$ cat input-v1.cif   # mmCIF, C-alpha atoms and all ligand atoms
data_input
#
loop_
_atom_site.group_PDB
_atom_site.id
_atom_site.type_symbol
_atom_site.label_atom_id
_atom_site.label_comp_id
_atom_site.auth_asym_id
_atom_site.auth_seq_id
_atom_site.Cartn_x
_atom_site.Cartn_y
_atom_site.Cartn_z
ATOM 1 C CA MET A 1 245.120 192.825 64.070
ATOM 2 C CA PRO A 2 241.292 192.583 64.264
ATOM 3 C CA ASN A 3 239.803 192.636 67.739
ATOM 4 C CA LEU A 4 237.416 189.919 68.930
ATOM 5 C CA ARG A 5 234.280 191.917 68.059
ATOM 6 C CA GLU A 6 235.512 192.441 64.468
ATOM 7 C CA LEU A 7 236.425 188.784 64.182
ATOM 8 C CA LEU A 8 232.966 187.673 65.375
ATOM 9 C CA HIS A 9 231.351 190.139 62.974
ATOM 10 C CA PHE A 10 233.443 188.687 60.138
ATOM 11 C CA TYR A 11 232.345 185.139 61.057
ATOM 12 C CA SER A 12 228.710 186.197 61.281
ATOM 13 C CA GLU A 13 228.829 187.920 57.868
ATOM 14 C CA ALA A 14 230.435 184.780 56.421
ATOM 15 C CA GLY A 15 227.500 182.709 57.729
ATOM 16 C CA VAL A 16 229.457 181.107 60.571
ATOM 17 C CA ASP A 17 226.952 182.003 63.249
ATOM 18 C CA THR A 18 226.062 178.656 64.762
ATOM 19 C CA PRO A 19 228.176 177.064 67.491
ATOM 20 C CA LEU A 20 227.640 173.318 67.385
ATOM 21 C CA GLU A 21 228.740 172.595 70.956
ATOM 22 C CA ASP A 22 228.720 174.610 74.173
ATOM 23 C CA LEU A 23 232.493 174.262 74.510
ATOM 24 C CA PRO A 24 235.194 174.215 71.814
ATOM 25 C CA VAL A 25 236.548 170.769 70.905
ATOM 26 C CA ASP A 26 240.283 170.298 70.367
ATOM 27 C CA ARG A 27 240.193 168.019 67.285
ATOM 28 C CA PHE A 28 244.002 168.017 66.994
ATOM 29 C CA SER A 29 244.471 166.376 70.388
ATOM 30 C CA GLN A 30 241.722 163.833 69.507
ATOM 31 C CA VAL A 31 243.563 162.836 66.326
ATOM 32 C CA GLU A 32 246.832 162.593 68.259
ATOM 33 C CA ALA A 33 245.234 160.465 71.019
ATOM 34 C CA LYS A 34 243.790 158.098 68.377
ATOM 35 C CA ARG A 35 247.202 157.758 66.709
ATOM 36 C CA ILE A 36 248.989 156.661 69.893
ATOM 37 C CA ALA A 37 246.129 154.618 71.445
ATOM 38 C CA PRO A 38 246.563 150.802 71.161
ATOM 39 C CA ALA A 39 244.164 149.033 68.783
ATOM 40 C CA ALA A 40 240.843 148.123 70.441
ATOM 41 C CA PRO A 41 240.991 144.549 71.789
ATOM 42 C CA VAL A 42 238.984 141.947 69.850
ATOM 43 C CA GLN A 43 236.045 140.774 72.009
ATOM 44 C CA ARG A 44 236.172 136.989 72.643
ATOM 45 C CA ALA A 45 234.019 134.706 74.753
ATOM 46 C CA PRO A 46 235.615 134.536 78.222
ATOM 47 C CA GLY A 47 237.966 131.533 78.503
ATOM 48 C CA PRO A 48 239.416 129.870 81.622
ATOM 49 C CA GLN A 49 242.889 131.436 81.360
ATOM 50 C CA GLN A 50 241.636 134.933 80.372
ATOM 51 C CA GLN A 51 242.982 137.851 82.402
ATOM 52 C CA PRO A 52 240.506 140.206 84.107
ATOM 53 C CA GLU A 53 239.414 142.877 81.657
ATOM 54 C CA SER A 54 241.185 146.204 81.791
ATOM 55 C CA PRO A 55 238.829 149.179 82.310
ATOM 56 C CA GLN A 56 237.123 150.268 79.086
ATOM 57 C CA PRO A 57 237.423 153.848 77.881
ATOM 58 C CA SER A 58 234.470 155.875 79.079
ATOM 59 C CA GLN A 59 231.402 155.793 76.808
ATOM 60 C CA PRO A 60 230.108 158.926 75.114
ATOM 61 C CA ALA A 61 227.251 160.700 76.841
ATOM 62 C CA PRO A 62 223.939 158.853 76.208
ATOM 63 C CA SER A 63 222.438 161.571 74.003
ATOM 64 C CA THR A 64 225.502 161.544 71.692
ATOM 65 C CA LEU A 65 225.401 157.769 71.603
ATOM 66 C CA THR A 66 221.704 157.661 70.758
ATOM 67 C CA ARG A 67 221.966 160.270 68.021
ATOM 68 C CA ALA A 68 225.021 158.755 66.432
ATOM 69 C CA THR A 69 223.978 155.139 66.618
ATOM 70 C CA VAL A 70 220.439 155.225 65.209
ATOM 71 C CA PRO A 71 220.949 154.043 61.604
ATOM 72 C CA ASP A 72 219.794 156.403 58.872
ATOM 73 C CA ASP A 73 217.183 153.932 57.617
ATOM 74 C CA ALA A 74 215.709 153.706 61.091
ATOM 75 C CA LYS A 75 215.477 157.519 61.273
ATOM 76 C CA ILE A 76 213.596 157.608 57.975
ATOM 77 C CA ALA A 77 211.332 154.746 59.081
ATOM 78 C CA MET A 78 210.642 156.552 62.367
ATOM 79 C CA ALA A 79 209.836 159.770 60.482
ATOM 80 C CA ARG A 80 207.398 157.869 58.236
ATOM 81 C CA GLN A 81 205.669 156.223 61.143
ATOM 82 C CA LEU A 82 205.319 159.465 63.121
ATOM 83 C CA ALA A 83 204.200 161.541 60.144
ATOM 84 C CA SER A 84 201.586 159.040 59.013
ATOM 85 C CA SER A 85 200.162 158.807 62.528
ATOM 86 C CA ALA A 86 199.403 162.571 62.604
ATOM 87 C CA ALA A 87 195.716 163.160 61.911
ATOM 88 C CA THR A 88 195.894 166.969 61.894
ATOM 89 C CA LEU A 89 198.457 169.648 61.109
ATOM 90 C CA GLU A 90 198.658 170.483 64.814
ATOM 91 C CA GLU A 91 199.498 166.857 65.623
ATOM 92 C CA LEU A 92 202.081 166.860 62.846
ATOM 93 C CA ARG A 93 203.717 169.971 64.293
ATOM 94 C CA GLU A 94 203.847 168.251 67.702
ATOM 95 C CA GLN A 95 205.328 165.069 66.210
ATOM 96 C CA LEU A 96 208.017 167.105 64.465
ATOM 97 C CA GLY A 97 208.761 169.010 67.656
ATOM 98 C CA ALA A 98 209.339 165.716 69.486
ATOM 99 C CA PHE A 99 211.306 164.057 66.662
ATOM 100 C CA ASP A 100 215.069 163.785 67.301
ATOM 101 C CA GLY A 101 216.026 161.939 64.106
ATOM 102 C CA CYS A 102 217.247 164.949 62.098
ATOM 103 C CA ASN A 103 220.536 166.494 63.209
ATOM 104 C CA LEU A 104 219.418 169.947 62.007
ATOM 105 C CA LYS A 105 217.109 170.159 64.999
ATOM 106 C CA PHE A 106 220.088 170.350 67.347
ATOM 107 C CA THR A 107 221.635 173.437 65.752
ATOM 108 C CA ALA A 108 218.395 175.292 64.991
ATOM 109 C CA LYS A 109 216.828 177.673 67.476
ATOM 110 C CA ASN A 110 213.227 176.957 66.492
ATOM 111 C CA LEU A 111 211.082 174.596 64.500
ATOM 112 C CA VAL A 112 209.773 176.519 61.464
ATOM 113 C CA PHE A 113 206.582 174.662 60.644
ATOM 114 C CA ALA A 114 204.306 176.917 58.583
ATOM 115 C CA ASP A 115 202.648 180.282 58.218
ATOM 116 C CA GLY A 116 199.489 181.506 56.563
ATOM 117 C CA ASN A 117 196.123 179.844 56.238
ATOM 118 C CA PRO A 118 196.169 176.017 56.368
ATOM 119 C CA ASN A 119 192.703 175.998 54.741
ATOM 120 C CA ALA A 120 193.883 178.025 51.732
ATOM 121 C CA SER A 121 193.511 176.608 48.215
ATOM 122 C CA ILE A 122 197.171 177.275 47.471
ATOM 123 C CA MET A 123 200.354 176.242 49.267
ATOM 124 C CA PHE A 124 203.837 177.696 48.677
ATOM 125 C CA VAL A 125 206.814 175.482 49.530
ATOM 126 C CA GLY A 126 210.383 176.747 49.969
ATOM 127 C CA GLU A 127 213.546 174.859 50.791
ATOM 128 C CA ALA A 128 214.645 175.592 54.361
ATOM 129 C CA PRO A 129 214.438 178.461 56.834
ATOM 130 C CA GLY A 130 217.154 181.096 57.045
ATOM 131 C CA ARG A 131 218.413 183.105 59.998
ATOM 132 C CA GLU A 132 215.367 185.337 60.572
ATOM 133 C CA GLU A 133 212.961 182.439 60.124
ATOM 134 C CA ASP A 134 214.955 180.374 62.633
ATOM 135 C CA LEU A 135 214.889 183.172 65.195
ATOM 136 C CA GLU A 136 211.116 183.674 64.892
ATOM 137 C CA GLY A 137 209.985 180.151 63.994
ATOM 138 C CA VAL A 138 208.050 181.521 60.987
ATOM 139 C CA PRO A 139 208.824 180.767 57.308
ATOM 140 C CA PHE A 140 209.691 183.485 54.794
ATOM 141 C CA ILE A 141 209.946 186.539 57.016
ATOM 142 C CA GLY A 142 213.438 187.724 55.988
ATOM 143 C CA ARG A 143 214.243 189.667 52.814
ATOM 144 C CA SER A 144 213.141 186.869 50.505
ATOM 145 C CA GLY A 145 209.932 186.533 52.509
ATOM 146 C CA GLN A 146 209.213 190.221 52.032
ATOM 147 C CA LEU A 147 209.650 189.769 48.291
ATOM 148 C CA LEU A 148 207.396 186.707 48.424
ATOM 149 C CA ASP A 149 204.726 188.843 50.128
ATOM 150 C CA ARG A 150 204.946 191.358 47.273
ATOM 151 C CA MET A 151 204.705 188.560 44.709
ATOM 152 C CA LEU A 152 201.636 187.178 46.488
ATOM 153 C CA ALA A 153 200.065 190.635 46.556
ATOM 154 C CA ALA A 154 200.661 190.964 42.815
ATOM 155 C CA ILE A 155 198.237 188.084 42.221
ATOM 156 C CA GLY A 156 195.763 189.119 44.906
ATOM 157 C CA LEU A 157 197.007 186.807 47.675
ATOM 158 C CA ASP A 158 198.422 187.299 51.153
ATOM 159 C CA ARG A 159 199.109 185.146 54.194
ATOM 160 C CA THR A 160 195.411 184.834 54.962
ATOM 161 C CA SER A 161 194.758 183.249 51.569
ATOM 162 C CA ALA A 162 197.930 181.175 51.140
ATOM 163 C CA TYR A 163 199.656 178.508 53.229
ATOM 164 C CA ILE A 164 203.479 178.635 53.387
ATOM 165 C CA ALA A 165 205.967 175.958 54.470
ATOM 166 C CA ASN A 166 209.359 174.476 53.633
ATOM 167 C CA THR A 167 210.631 171.028 52.741
ATOM 168 C CA ILE A 168 213.002 171.258 55.728
ATOM 169 C CA PRO A 169 211.610 172.736 58.957
ATOM 170 C CA TRP A 170 214.935 173.549 60.669
ATOM 171 C CA ARG A 171 217.585 176.007 59.541
ATOM 172 C CA PRO A 172 220.758 174.281 58.298
ATOM 173 C CA PRO A 173 223.759 175.832 60.103
ATOM 174 C CA GLY A 174 225.170 178.826 58.235
ATOM 175 C CA ASN A 175 222.383 178.375 55.616
ATOM 176 C CA ARG A 176 224.213 175.464 54.023
ATOM 177 C CA THR A 177 222.359 173.256 51.544
ATOM 178 C CA PRO A 178 220.488 170.443 53.325
ATOM 179 C CA THR A 179 222.083 167.056 52.662
ATOM 180 C CA PRO A 180 220.148 164.409 50.693
ATOM 181 C CA LEU A 181 219.816 162.414 53.928
ATOM 182 C CA GLU A 182 218.346 165.402 55.792
ATOM 183 C CA THR A 183 215.844 165.868 52.969
ATOM 184 C CA GLU A 184 214.888 162.175 53.068
ATOM 185 C CA ILE A 185 214.439 162.244 56.838
ATOM 186 C CA CYS A 186 212.188 165.328 56.597
ATOM 187 C CA ARG A 187 210.307 164.084 53.509
ATOM 188 C CA PRO A 188 207.594 162.082 55.320
ATOM 189 C CA PHE A 189 206.754 165.188 57.371
ATOM 190 C CA PHE A 190 206.444 167.658 54.498
ATOM 191 C CA GLU A 191 204.564 165.117 52.385
ATOM 192 C CA ARG A 192 202.109 164.571 55.240
ATOM 193 C CA GLN A 193 201.871 168.351 55.742
ATOM 194 C CA ILE A 194 200.780 168.725 52.119
ATOM 195 C CA GLU A 195 198.365 165.821 52.424
ATOM 196 C CA LEU A 196 196.752 167.280 55.556
ATOM 197 C CA ALA A 197 196.597 170.844 54.206
ATOM 198 C CA ASN A 198 195.187 169.386 50.974
ATOM 199 C CA PRO A 199 195.678 172.482 48.767
ATOM 200 C CA LYS A 200 194.288 172.611 45.228
ATOM 201 C CA LEU A 201 197.590 174.004 43.915
ATOM 202 C CA LEU A 202 201.216 173.923 45.007
ATOM 203 C CA VAL A 203 203.929 176.421 44.113
ATOM 204 C CA ALA A 204 207.503 175.172 44.502
ATOM 205 C CA LEU A 205 209.848 178.053 45.259
ATOM 206 C CA GLY A 206 213.250 177.168 43.808
ATOM 207 C CA GLY A 207 214.948 174.029 42.523
ATOM 208 C CA PRO A 208 215.234 172.000 45.755
ATOM 209 C CA ALA A 209 211.512 172.403 46.551
ATOM 210 C CA ALA A 210 210.582 171.607 42.928
ATOM 211 C CA LYS A 211 212.708 168.439 43.025
ATOM 212 C CA ALA A 212 211.342 167.370 46.385
ATOM 213 C CA LEU A 213 207.720 167.827 45.253
ATOM 214 C CA THR A 214 207.890 166.445 41.717
ATOM 215 C CA ASN A 215 210.987 164.185 41.674
ATOM 216 C CA ALA A 216 212.110 166.141 38.596
ATOM 217 C CA THR A 217 215.801 166.022 37.805
ATOM 218 C CA GLU A 218 216.127 169.120 35.580
ATOM 219 C CA GLY A 219 217.353 172.441 36.938
ATOM 220 C CA ILE A 220 214.822 175.085 37.972
ATOM 221 C CA LEU A 221 215.527 177.272 34.918
ATOM 222 C CA ARG A 222 214.213 174.434 32.746
ATOM 223 C CA LEU A 223 211.465 173.353 35.105
ATOM 224 C CA ARG A 224 209.932 176.724 35.900
ATOM 225 C CA GLY A 225 206.770 177.765 34.175
ATOM 226 C CA ASN A 226 205.654 174.204 33.370
ATOM 227 C CA TRP A 227 202.909 172.595 35.429
ATOM 228 C CA LYS A 228 203.970 169.357 37.127
ATOM 229 C CA SER A 229 202.205 167.128 39.609
ATOM 230 C CA HIS A 230 202.708 166.011 43.197
ATOM 231 C CA SER A 231 201.245 162.637 44.247
ATOM 232 C CA THR A 232 200.210 162.324 47.877
ATOM 233 C CA ALA A 233 200.435 159.042 49.783
ATOM 234 C CA SER A 234 196.659 158.676 49.453
ATOM 235 C CA GLY A 235 196.901 158.980 45.674
ATOM 236 C CA ILE A 236 195.701 162.556 45.163
ATOM 237 C CA GLU A 237 197.433 164.449 42.348
ATOM 238 C CA ILE A 238 198.068 168.128 43.092
ATOM 239 C CA PRO A 239 199.280 170.444 40.287
ATOM 240 C CA VAL A 240 202.645 172.071 41.072
ATOM 241 C CA MET A 241 204.070 175.216 39.503
ATOM 242 C CA PRO A 242 207.859 175.291 39.888
ATOM 243 C CA THR A 243 209.144 178.855 39.934
ATOM 244 C CA LEU A 244 212.201 180.862 40.886
ATOM 245 C CA HIS A 245 213.029 181.312 44.556
ATOM 246 C CA PRO A 246 212.615 184.890 45.854
ATOM 247 C CA ALA A 247 216.204 184.801 47.217
ATOM 248 C CA TYR A 248 217.416 184.077 43.664
ATOM 249 C CA LEU A 249 215.268 186.935 42.339
ATOM 250 C CA LEU A 250 216.835 189.314 44.855
ATOM 251 C CA ARG A 251 220.221 188.509 43.329
ATOM 252 C CA ASN A 252 218.990 188.334 39.708
ATOM 253 C CA ALA A 253 216.393 191.059 39.291
ATOM 254 C CA ALA A 254 216.261 190.547 35.505
ATOM 255 C CA GLN A 255 214.712 187.096 36.093
ATOM 256 C CA LYS A 256 211.699 188.563 37.868
ATOM 257 C CA ARG A 257 209.817 188.690 34.589
ATOM 258 C CA PHE A 258 209.874 184.871 34.433
ATOM 259 C CA ALA A 259 208.561 184.550 37.971
ATOM 260 C CA TRP A 260 205.832 187.033 37.044
ATOM 261 C CA ARG A 261 204.761 184.823 34.114
ATOM 262 C CA ASP A 262 204.659 181.797 36.440
ATOM 263 C CA PHE A 263 202.583 183.682 38.986
ATOM 264 C CA VAL A 264 200.105 184.817 36.301
ATOM 265 C CA SER A 265 199.695 181.170 35.281
ATOM 266 C CA VAL A 266 199.128 180.267 38.947
ATOM 267 C CA LYS A 267 196.542 183.017 39.306
ATOM 268 C CA MET A 268 194.603 181.839 36.264
ATOM 269 C CA ARG A 269 194.614 178.190 37.329
ATOM 270 C CA LEU A 270 193.602 179.094 40.870
ATOM 271 C CA ARG A 271 190.739 181.182 39.565
ATOM 272 C CA ALA A 272 189.567 178.345 37.319
ATOM 273 C CA LEU A 273 189.646 175.933 40.286
ATOM 274 C CA THR A 274 187.947 178.130 42.843
ATOM 275 C CA GLU A 275 185.291 180.107 40.928
HETATM 276 N N1 LIG A 301 214.068 180.532 52.086
HETATM 277 C C1 LIG A 301 213.298 179.430 52.137
HETATM 278 O O1 LIG A 301 213.373 178.563 51.256
HETATM 279 N N2 LIG A 301 212.438 179.327 53.159
HETATM 280 C C2 LIG A 301 212.295 180.241 54.110
HETATM 281 O O2 LIG A 301 211.471 180.064 55.015
HETATM 282 C C3 LIG A 301 213.120 181.384 54.030
HETATM 283 C C4 LIG A 301 213.992 181.508 53.011
#

$ encode --input "input-v1.cif" --output "structure tokens"
Amino acid sequence: MPNLRELLHFYSEAGVDTPLEDLPVDRFSQVEAKRIAPAAPVQRAPGPQQQPESPQPSQPAPSTLTRATVPDDAKIAMARQLASSAATLEELREQLGAFDGCNLKFTAKNLVFADGNPNASIMFVGEAPGREEDLEGVPFIGRSGQLLDRMLAAIGLDRTSAYIANTIPWRPPGNRTPTPLETEICRPFFERQIELANPKLLVALGGPAAKALTNATEGILRLRGNWKSHSTASGIEIPVMPTLHPAYLLRNAAQKRFAWRDFVSVKMRLRALTE
């Protein structure tokens, strides 16, 4: 019989490392209560012979109510309005910090906005922060970040000459894939981040970033190595190189040669644009 420490270790290794509530919720008793509760009364205009209303069940706490009841479209509209009102990257970071429309914020420990040099000619975009990034609030600092640093060094770059961000600025619990809705809610922010950083080149690290930046529908193994384009809201076209994500390369070392080819192409294009 495993002891509690072993059990927690097992959960942590399996990626279950994010409690969603402070206290456990007994879902079985909720289902049971729903089954035996009478159907909610239909609301009618009060009539002369109507009985006094019986007390209503207590309402959920206001924060739960607000989060659950804002329609998805309104969250996206709010994200657009906030993102477009940011005139600088610092303002954008503040807007994101104050934005409650994405549920990922409530399970993440930190906002992971960006690292590197916002004035750099090249911007690298990943998908979403992992555990280490969430703990520190800095993108690409775990194992895949260390590989990214080596890949940057291989083409003469580092975090003083490159800007690094993600399409999603909060860690999804247990590193799950962000939902399409979460991506849409975060989209106005990362699009504005690109517009404000205004790099000459973008590198999309992995399929989700490549799709988010170029709207391409093919898988990353087809997309990689071929220059695409990202259109900003103000109509600027920025070349994008889709390439393999460092986390994928850590698991598939034989594919590193393809990423190397992509990075050489990036280096040559960057040189042509900046010299
Ligand atoms: N993977 C990503 O896509 N982004 C990070 O910041 C870390 C890992």

$ residues_near_ligand --input "input-v1.cif" --ligand "ligand LIG 301 (chain A)" --cutoff "7 Å" --atoms "only C-alpha atoms and all ligand atoms" --output "PyMOL selection string"
chain A and resi 126-130+133+139-142+144-145+165-166+205+247

$ resolve_selection --input "input-v1.cif" --expression "the PyMOL selection byres (((chain A and resi 146-152) around 10) and not hetatm)" --output "list in words"
Phe124, Phe140, Ile141, Gly142, Arg143, Ser144, Gly145, Ala153, Ala154, Ile155, Gly156, Leu157, Asp158, Arg159, Ser161, Ala162, Leu205, His245, Pro246, Ala247, Leu249, Leu250, Lys256, Ala259, Trp260, Phe263 and Lys267 of chain A

$ residues_around --input "input-v1.cif" --residues "range 192-196 of chain A" --least-positions-apart "2" --cutoff "12 Å" --atoms "only C-alpha atoms" --output "VMD selection string"
chain A and resid 79 to 93 95 to 96 113 to 114 118 to 125 163 to 169 186 to 190 198 to 203 213 230 to 238 240

$ residues_around --input "input-v1.cif" --residues "Phe106 in chain A" --least-positions-apart "4" --cutoff "10 Å" --atoms "all atoms listed in the file" --output "list in words"
Leu20, Glu21, Asp100, Gly101, Cys102, Asn110, Trp170, Arg171, Pro172 and Pro173 of chain A

$ atom_distance --input "input-v1.cif" --atom1 "CA of Gln255 in chain A" --atom2 "CA of Arg271 in chain A"
24.9 Å

$ closest_residue --input "input-v1.cif" --among "A:Glu191, A:Glu184, A:Asp72, A:Asp115" --to "Thr160 in chain A" --atoms "all atoms listed in the file"
A:Asp115

$ atom_distance --input "input-v1.cif" --atom1 "CA of Leu111 in chain A" --atom2 "CA of Gly137 in chain A"
5.7 Å

$ atom_distance --input "input-v1.cif" --atom1 "CA of Arg131 in chain A" --atom2 "CA of Pro178 in chain A"
14.5 Å

$ residues_around --input "input-v1.cif" --residues "Arg222 in chain A" --least-positions-apart "5" --cutoff "10 Å" --atoms "only C-alpha atoms" --output "list in words"
Gly207, Thr217, Pro242 and Thr243 of chain A

$ closest_residue --input "input-v1.cif" --among "A:Ile185, A:Met78, A:Met268, A:Leu244" --to "Leu223 in chain A" --atoms "all atoms listed in the file"
A:Leu244

$ residues_near_point --input "input-v1.cif" --point "(208.1, 165.2, 41.9)" --cutoff "8 Å" --atoms "only C-alpha atoms" --output "compact mmCIF listing (two decimals) with C-alpha atoms, in the frame of the given file"
# COMPACT_ATOMS: atom_id res chain seq x y z
CA ALA A 210 210.58 171.61 42.93
CA LYS A 211 212.71 168.44 43.02
CA ALA A 212 211.34 167.37 46.38
CA LEU A 213 207.72 167.83 45.25
CA THR A 214 207.89 166.44 41.72
CA ASN A 215 210.99 164.18 41.67
CA ALA A 216 212.11 166.14 38.60
CA LYS A 228 203.97 169.36 37.13
CA SER A 229 202.20 167.13 39.61
CA HIS A 230 202.71 166.01 43.20
CA SER A 231 201.24 162.64 44.25

$ decode --input "input-v1.cif" --residues "range 252-260 of chain A" --atoms "all heavy atoms" --output "PDB file, in the first residue's frame"
ATOM      1  N   ASN A 252      12.806  13.366 -29.657  1.00  0.00           N
ATOM      2  CA  ASN A 252      13.102  12.821 -30.991  1.00  0.00           C
ATOM      3  C   ASN A 252      14.404  13.435 -31.505  1.00  0.00           C
ATOM      4  O   ASN A 252      14.398  14.288 -32.401  1.00  0.00           O
ATOM      5  CB  ASN A 252      11.972  13.161 -31.980  1.00  0.00           C
ATOM      6  CG  ASN A 252      10.631  12.621 -31.522  1.00  0.00           C
ATOM      7  OD1 ASN A 252      10.318  11.466 -31.737  1.00  0.00           O
ATOM      8  ND2 ASN A 252       9.856  13.469 -30.871  1.00  0.00           N
ATOM      9  N   ALA A 253      15.504  12.988 -30.926  1.00  0.00           N
ATOM     10  CA  ALA A 253      16.795  13.629 -31.217  1.00  0.00           C
ATOM     11  C   ALA A 253      17.133  13.560 -32.704  1.00  0.00           C
ATOM     12  O   ALA A 253      17.781  14.467 -33.247  1.00  0.00           O
ATOM     13  CB  ALA A 253      17.881  12.979 -30.376  1.00  0.00           C
ATOM     14  N   ALA A 254      16.649  12.510 -33.404  1.00  0.00           N
ATOM     15  CA  ALA A 254      16.993  12.364 -34.819  1.00  0.00           C
ATOM     16  C   ALA A 254      16.409  13.504 -35.663  1.00  0.00           C
ATOM     17  O   ALA A 254      16.872  13.763 -36.777  1.00  0.00           O
ATOM     18  CB  ALA A 254      16.486  11.016 -35.336  1.00  0.00           C
ATOM     19  N   GLN A 255      15.394  14.188 -35.135  1.00  0.00           N
ATOM     20  CA  GLN A 255      14.765  15.283 -35.897  1.00  0.00           C
ATOM     21  C   GLN A 255      15.531  16.599 -35.771  1.00  0.00           C
ATOM     22  O   GLN A 255      15.172  17.590 -36.407  1.00  0.00           O
ATOM     23  CB  GLN A 255      13.328  15.506 -35.390  1.00  0.00           C
ATOM     24  CG  GLN A 255      12.455  14.281 -35.405  1.00  0.00           C
ATOM     25  CD  GLN A 255      11.861  13.994 -36.767  1.00  0.00           C
ATOM     26  OE1 GLN A 255      11.549  14.920 -37.503  1.00  0.00           O
ATOM     27  NE2 GLN A 255      11.741  12.733 -37.119  1.00  0.00           N
ATOM     28  N   LYS A 256      16.558  16.597 -34.927  1.00  0.00           N
ATOM     29  CA  LYS A 256      17.274  17.862 -34.702  1.00  0.00           C
ATOM     30  C   LYS A 256      17.877  18.398 -35.990  1.00  0.00           C
ATOM     31  O   LYS A 256      18.040  19.602 -36.158  1.00  0.00           O
ATOM     32  CB  LYS A 256      18.383  17.672 -33.654  1.00  0.00           C
ATOM     33  CG  LYS A 256      17.854  17.622 -32.232  1.00  0.00           C
ATOM     34  CD  LYS A 256      18.994  17.555 -31.243  1.00  0.00           C
ATOM     35  CE  LYS A 256      18.459  17.430 -29.824  1.00  0.00           C
ATOM     36  NZ  LYS A 256      19.494  17.114 -28.853  1.00  0.00           N
ATOM     37  N   ARG A 257      18.206  17.492 -36.904  1.00  0.00           N
ATOM     38  CA  ARG A 257      18.828  17.963 -38.149  1.00  0.00           C
ATOM     39  C   ARG A 257      17.872  18.841 -38.947  1.00  0.00           C
ATOM     40  O   ARG A 257      18.289  19.759 -39.637  1.00  0.00           O
ATOM     41  CB  ARG A 257      19.349  16.791 -38.973  1.00  0.00           C
ATOM     42  CG  ARG A 257      18.290  15.842 -39.489  1.00  0.00           C
ATOM     43  CD  ARG A 257      18.982  14.688 -40.222  1.00  0.00           C
ATOM     44  NE  ARG A 257      18.066  13.863 -40.988  1.00  0.00           N
ATOM     45  CZ  ARG A 257      17.333  12.891 -40.478  1.00  0.00           C
ATOM     46  NH1 ARG A 257      17.383  12.644 -39.174  1.00  0.00           N
ATOM     47  NH2 ARG A 257      16.544  12.178 -41.245  1.00  0.00           N
ATOM     48  N   PHE A 258      16.551  18.574 -38.824  1.00  0.00           N
ATOM     49  CA  PHE A 258      15.582  19.423 -39.545  1.00  0.00           C
ATOM     50  C   PHE A 258      15.497  20.803 -38.902  1.00  0.00           C
ATOM     51  O   PHE A 258      15.428  21.824 -39.583  1.00  0.00           O
ATOM     52  CB  PHE A 258      14.201  18.757 -39.566  1.00  0.00           C
ATOM     53  CG  PHE A 258      14.198  17.458 -40.316  1.00  0.00           C
ATOM     54  CD1 PHE A 258      13.918  16.261 -39.687  1.00  0.00           C
ATOM     55  CD2 PHE A 258      14.496  17.433 -41.674  1.00  0.00           C
ATOM     56  CE1 PHE A 258      13.928  15.064 -40.380  1.00  0.00           C
ATOM     57  CE2 PHE A 258      14.513  16.241 -42.380  1.00  0.00           C
ATOM     58  CZ  PHE A 258      14.230  15.053 -41.728  1.00  0.00           C
ATOM     59  N   ALA A 259      15.484  20.804 -37.565  1.00  0.00           N
ATOM     60  CA  ALA A 259      15.449  22.097 -36.867  1.00  0.00           C
ATOM     61  C   ALA A 259      16.704  22.904 -37.206  1.00  0.00           C
ATOM     62  O   ALA A 259      16.642  24.125 -37.383  1.00  0.00           O
ATOM     63  CB  ALA A 259      15.352  21.865 -35.365  1.00  0.00           C
ATOM     64  N   TRP A 260      17.833  22.209 -37.329  1.00  0.00           N
ATOM     65  CA  TRP A 260      19.079  22.899 -37.671  1.00  0.00           C
ATOM     66  C   TRP A 260      18.963  23.580 -39.031  1.00  0.00           C
ATOM     67  O   TRP A 260      19.312  24.740 -39.204  1.00  0.00           O
ATOM     68  CB  TRP A 260      20.240  21.900 -37.616  1.00  0.00           C
ATOM     69  CG  TRP A 260      21.520  22.431 -38.187  1.00  0.00           C
ATOM     70  CD1 TRP A 260      22.197  21.942 -39.263  1.00  0.00           C
ATOM     71  CD2 TRP A 260      22.271  23.567 -37.726  1.00  0.00           C
ATOM     72  NE1 TRP A 260      23.308  22.697 -39.509  1.00  0.00           N
ATOM     73  CE2 TRP A 260      23.386  23.704 -38.577  1.00  0.00           C
ATOM     74  CE3 TRP A 260      22.097  24.476 -36.699  1.00  0.00           C
ATOM     75  CZ2 TRP A 260      24.325  24.725 -38.426  1.00  0.00           C
ATOM     76  CZ3 TRP A 260      23.034  25.498 -36.542  1.00  0.00           C
ATOM     77  CH2 TRP A 260      24.137  25.606 -37.390  1.00  0.00           C
TER      78      TRP A 260
END
